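**Q** I am attaching a structure below and will ask some questions about it afterwards.
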Amino acid sequence: YDSVRARLLAAIPGLLAYAGGALAVGALAAYLISRRLQRQTHDLAFSDISALLTEREAMLHGIREGVVALDGAGRVRLLNDEAQRLLGLGPEAAGRPLEEVLGDGRTTDVLAGRVVGDDLLAVRGSRVLLANRMPTDDGGAVVTLRDRTELEHLGRELDSTTGLIDALRAQDHEHANRLHTLLGLLELEMHEDAMEFVTEVVGVHRATAEQVTEKVQDPLLAALLVGKTTVAAERGVSLRLAPGTLLPDRVVDPRGLVTVVGNLVDNATDAAAGSEGARIEVGLRTEGRTVILGVRDSGPGVPEDQHASIFTEGWSTKDVPAHGKRGLGLALVRRLAERQGGSVTVSGADGGGAEFTVVLPEALAEPPAGSPEDRPPHPTHPATTGEQR
């Protein structure tokens, strides 16, 4: 008993030394961990962190700009309500790779940082978005999105209005010249020549309108082509319909088709204006319920190496207008065509220039029962067919 007690008392200093060392190491480790946590939490208490999280959630879901946070691996970390609306995504997109959520395209490239710059344009569905990307310290990024659709529409309407004003100003000048000519004929008492002059002037415009409405039976599209013909003529460009053009009044989405035709004709007018023998040819034909649109111009054409990039947002050969950026017309044409399951391509036209071809499946409604379009064609004798041709 005495020897055990003596050995125990002799071992106490060593045990205290081991315990003190372990306590010192634990205290040092706790201090280091505490310092690291303070650095990562910016020296905030748990109550402050909870309050900041609540305020951040309220702020992110309350602002009118879309916010998308990405981690270092390119996965979506969070989206606020506005980003979900602009991109057409749901809350389940969080935690998934960006390419899996959005698919391939310029919008994915902009959000992933493969396209750099400020106020980058992207088209998502029918929306025009303005994106800015800011990298974070952990290798991720925060992207803000603004809806520019209405502003872009207003800008394009302003461009159209400006062009219409210029055309009206030129028409006013031409109209004054015709009135002076008519007045001179009347003062010279050349009444028959005056009647022929008026008949010729009126007949040209009437013949153009009748030719368009006869081949293009949709009223919105016919009115657009008549107006574009006048505007193109004032810029020295001849706009005509291609042989075989015929479009019945059964278009499912006439406003979408007007947008497609208007953008392509405007681009063709800008490309052909100023060249010798400037001309544009617009063709519309149908195959069942599919509409095939072709727009050909006599401009400089599009280089083959740019046939793919010409339909991306931001591509343009024109000067930037006062209201913002260019390079959206062809991108919107492609989006509208793809939304209907169709396509748009560009190629070189015969004799120079460019030719755009748009295929829009299911663009026409079914013909009414009993209409001439619904009836099968009657067999015709070959000789009679040759005489009719």
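Convention: chains lettered A, B, ... in structure tokens order; per-chain residue numbering from 1; ligands numbered from 1 as shown.
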Fewer than 2 positions away in the same chain doesn't count, so skip those; otherwise give me all residues within 9 Å of Pro248 of chain A, counting only C-alpha atoms, as a PyMOL selection string.

**A** chain A and resi 215-218+246+250-251+286+364

**Q** Restricted to N, CA and C atoms, what would the selected residues look like written as an mmCIF file, in the first residue's frame?

**A**
```
data_model
loop_
_atom_site.group_PDB
_atom_site.id
_atom_site.type_symbol
_atom_site.label_atom_id
_atom_site.label_comp_id
_atom_site.auth_asym_id
_atom_site.auth_seq_id
_atom_site.Cartn_x
_atom_site.Cartn_y
_atom_site.Cartn_z
ATOM 1 N N LYS A 215 -51.390 39.110 -104.384
ATOM 2 C CA LYS A 215 -50.523 37.969 -104.101
ATOM 3 C C LYS A 215 -50.347 37.710 -102.614
ATOM 4 N N VAL A 216 -50.440 38.753 -101.803
ATOM 5 C CA VAL A 216 -50.323 38.623 -100.351
ATOM 6 C C VAL A 216 -51.664 39.008 -99.759
ATOM 7 N N GLN A 217 -52.437 38.004 -99.360
ATOM 8 C CA GLN A 217 -53.813 38.255 -98.942
ATOM 9 C C GLN A 217 -53.946 38.591 -97.467
ATOM 10 N N ASP A 218 -52.881 38.420 -96.675
ATOM 11 C CA ASP A 218 -52.932 38.853 -95.284
ATOM 12 C C ASP A 218 -52.854 40.367 -95.230
ATOM 13 N N LEU A 246 -47.400 33.848 -103.393
ATOM 14 C CA LEU A 246 -48.819 33.720 -103.057
ATOM 15 C C LEU A 246 -48.930 33.305 -101.596
ATOM 16 N N ARG A 250 -54.478 33.039 -94.092
ATOM 17 C CA ARG A 250 -54.662 32.045 -93.036
ATOM 18 C C ARG A 250 -53.451 32.003 -92.106
ATOM 19 N N VAL A 251 -52.765 33.130 -91.971
ATOM 20 C CA VAL A 251 -51.555 33.162 -91.147
ATOM 21 C C VAL A 251 -51.946 33.070 -89.677
ATOM 22 N N THR A 286 -46.066 28.784 -100.103
ATOM 23 C CA THR A 286 -46.520 27.848 -99.076
ATOM 24 C C THR A 286 -46.372 26.426 -99.572
ATOM 25 N N LEU A 364 -49.596 28.416 -91.123
ATOM 26 C CA LEU A 364 -50.928 28.658 -91.688
ATOM 27 C C LEU A 364 -51.948 27.776 -90.984
#
```

**Q** Excluding same-chain residues fewer than 3 positions from Thr229 of chain A, what lies within 9 Å of it counting only C-alpha atoms, as a ChimeraX atom specification?

**A** /A:208,224-226,232-234,237-240

**Q** Got time to write the residues from that selection, C-alpha atoms, as a PDB file, in the first residue's frame?

**A**
```pdb
ATOM      1  CA  THR A 208     -48.304  48.475-106.855  1.00  0.00           C
ATOM      2  CA  LEU A 224     -46.249  46.385 -94.588  1.00  0.00           C
ATOM      3  CA  LEU A 225     -44.975  45.523 -98.070  1.00  0.00           C
ATOM      4  CA  VAL A 226     -46.774  48.485 -99.670  1.00  0.00           C
ATOM      5  CA  ALA A 232     -37.376  51.754-100.449  1.00  0.00           C
ATOM      6  CA  ALA A 233     -38.252  53.731-103.579  1.00  0.00           C
ATOM      7  CA  GLU A 234     -37.420  56.998-101.822  1.00  0.00           C
ATOM      8  CA  VAL A 237     -34.162  50.820-104.105  1.00  0.00           C
ATOM      9  CA  SER A 238     -36.666  48.862-106.186  1.00  0.00           C
ATOM     10  CA  LEU A 239     -38.701  46.399-104.100  1.00  0.00           C
ATOM     11  CA  ARG A 240     -40.721  43.785-105.981  1.00  0.00           C
TER      12      ARG A 240
END
```

**Q** If you count only C-alpha atoms, which residues fall within 10 Å of His191 of chain A, apart from same-chain ones fewer than 6 positions away, as a PyMOL selection string?

**A** chain A and resi 182+185+197

**Q** If we count only C-alpha atoms, what is near Arg85 of chain A at a cut-off of 12 Å, once residues fewer than 4 positions away on the same chain are taken out, given as a tab-separated table (two decimals) with C-alpha atoms, in the first residue's frame?

**A**
```
chain	number	residue	atom	x	y	z
A	61	HIS	CA	-36.47	38.80	-54.23
A	64	ARG	CA	-36.59	44.51	-60.23
A	65	GLU	CA	-33.30	43.25	-61.71
A	66	GLY	CA	-32.53	39.59	-62.24
A	67	VAL	CA	-29.64	38.26	-60.14
A	68	VAL	CA	-27.90	34.95	-60.88
A	79	LEU	CA	-31.68	32.96	-58.69
A	80	ASN	CA	-34.05	35.62	-57.53
A	81	ASP	CA	-37.66	35.86	-58.70
A	89	LEU	CA	-36.53	28.99	-65.12
A	90	GLY	CA	-37.85	27.62	-61.84
A	91	PRO	CA	-36.38	27.27	-58.35
A	124	ARG	CA	-33.84	34.62	-74.21
A	125	GLY	CA	-37.07	33.55	-75.85
A	127	ARG	CA	-36.95	38.91	-74.34
A	129	LEU	CA	-31.70	41.11	-71.87
A	145	LEU	CA	-29.99	40.96	-65.83
A	146	ARG	CA	-32.18	43.83	-67.01
A	147	ASP	CA	-35.17	43.52	-69.29
```

**Q** For Met134 of chain A, which residue out of A:Leu98, A:Val76, A:Val261, A:Leu70 is the nearest one, using only C-alpha atoms?

**A**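 With only C-alpha atoms as the atom set, the closest residue is A:Leu70.
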
**Q** Residues within 8 Å of Val346 of chain A, please, as a short mmCIF file (atom, residue, chain, number, x, y, z; two decimals) with C-alpha atoms, in the first residue's frame. Count only C-alpha atoms; anything in the same chain fewer than 4 positions from it doesn't count.

**A**
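around18.cif, freshly written:
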```
data_model
loop_
_atom_site.label_atom_id
_atom_site.label_comp_id
_atom_site.auth_asym_id
_atom_site.auth_seq_id
_atom_site.Cartn_x
_atom_site.Cartn_y
_atom_site.Cartn_z
CA HIS A 307 -22.93 33.08 -92.17
CA ALA A 354 -27.40 38.06 -100.03
CA GLU A 355 -30.46 35.84 -99.87
CA PHE A 356 -32.21 35.03 -96.59
CA THR A 357 -34.56 32.05 -96.44
#
```

**Q** Mind pulling up the distance from atom CA of Ala83 of chain A to atom CA of Pro97 of chain A?

**A** 15.9 Å

**Q** Looking only at strand (DSSP E) from DSSP on the backbone, list the matching residues of segment 18-233 of chain A as number ranges by chain.

**A** A: 66-70, 76-79, 120-124, 127-135, 141-147

**Q** Export, as a short mmCIF file (atom, residue, chain, number, x, y, z; two decimals), in the first residue's frame, the selected residues with C-alpha atoms.

**A**
```cif
data_model
loop_
_atom_site.label_atom_id
_atom_site.label_comp_id
_atom_site.auth_asym_id
_atom_site.auth_seq_id
_atom_site.Cartn_x
_atom_site.Cartn_y
_atom_site.Cartn_z
CA GLY A 66 -32.53 39.59 -62.24
CA VAL A 67 -29.64 38.26 -60.14
CA VAL A 68 -27.90 34.95 -60.88
CA ALA A 69 -25.06 33.70 -58.64
CA LEU A 70 -22.68 31.04 -59.95
CA VAL A 76 -26.21 28.01 -60.42
CA ARG A 77 -26.00 28.97 -56.77
CA LEU A 78 -29.14 31.08 -56.56
CA LEU A 79 -31.68 32.96 -58.69
CA LEU A 120 -23.86 42.62 -73.05
CA LEU A 121 -26.97 41.87 -75.09
CA ALA A 122 -28.61 38.46 -74.98
CA VAL A 123 -31.93 37.15 -76.28
CA ARG A 124 -33.84 34.62 -74.21
CA ARG A 127 -36.95 38.91 -74.34
CA VAL A 128 -33.95 41.13 -74.96
CA LEU A 129 -31.70 41.11 -71.87
CA LEU A 130 -28.84 43.33 -70.79
CA ALA A 131 -26.29 41.40 -68.69
CA ASN A 132 -23.36 42.45 -66.50
CA ARG A 133 -21.05 39.92 -64.85
CA MET A 134 -18.91 40.49 -61.76
CA PRO A 135 -16.46 37.76 -60.62
CA ALA A 141 -19.63 35.23 -60.38
CA VAL A 142 -22.76 37.32 -59.88
CA VAL A 143 -24.68 38.27 -63.02
CA THR A 144 -27.33 41.00 -63.12
CA LEU A 145 -29.99 40.96 -65.83
CA ARG A 146 -32.18 43.83 -67.01
CA ASP A 147 -35.17 43.52 -69.29
#
```

**Q** So how many Å separate atom CA of Leu241 of chain A and atom CA of Ser309 of chain A, to one decimal?

**A**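 Separation of atom CA of Leu241 of chain A and atom CA of Ser309 of chain A: 28.1 Å.
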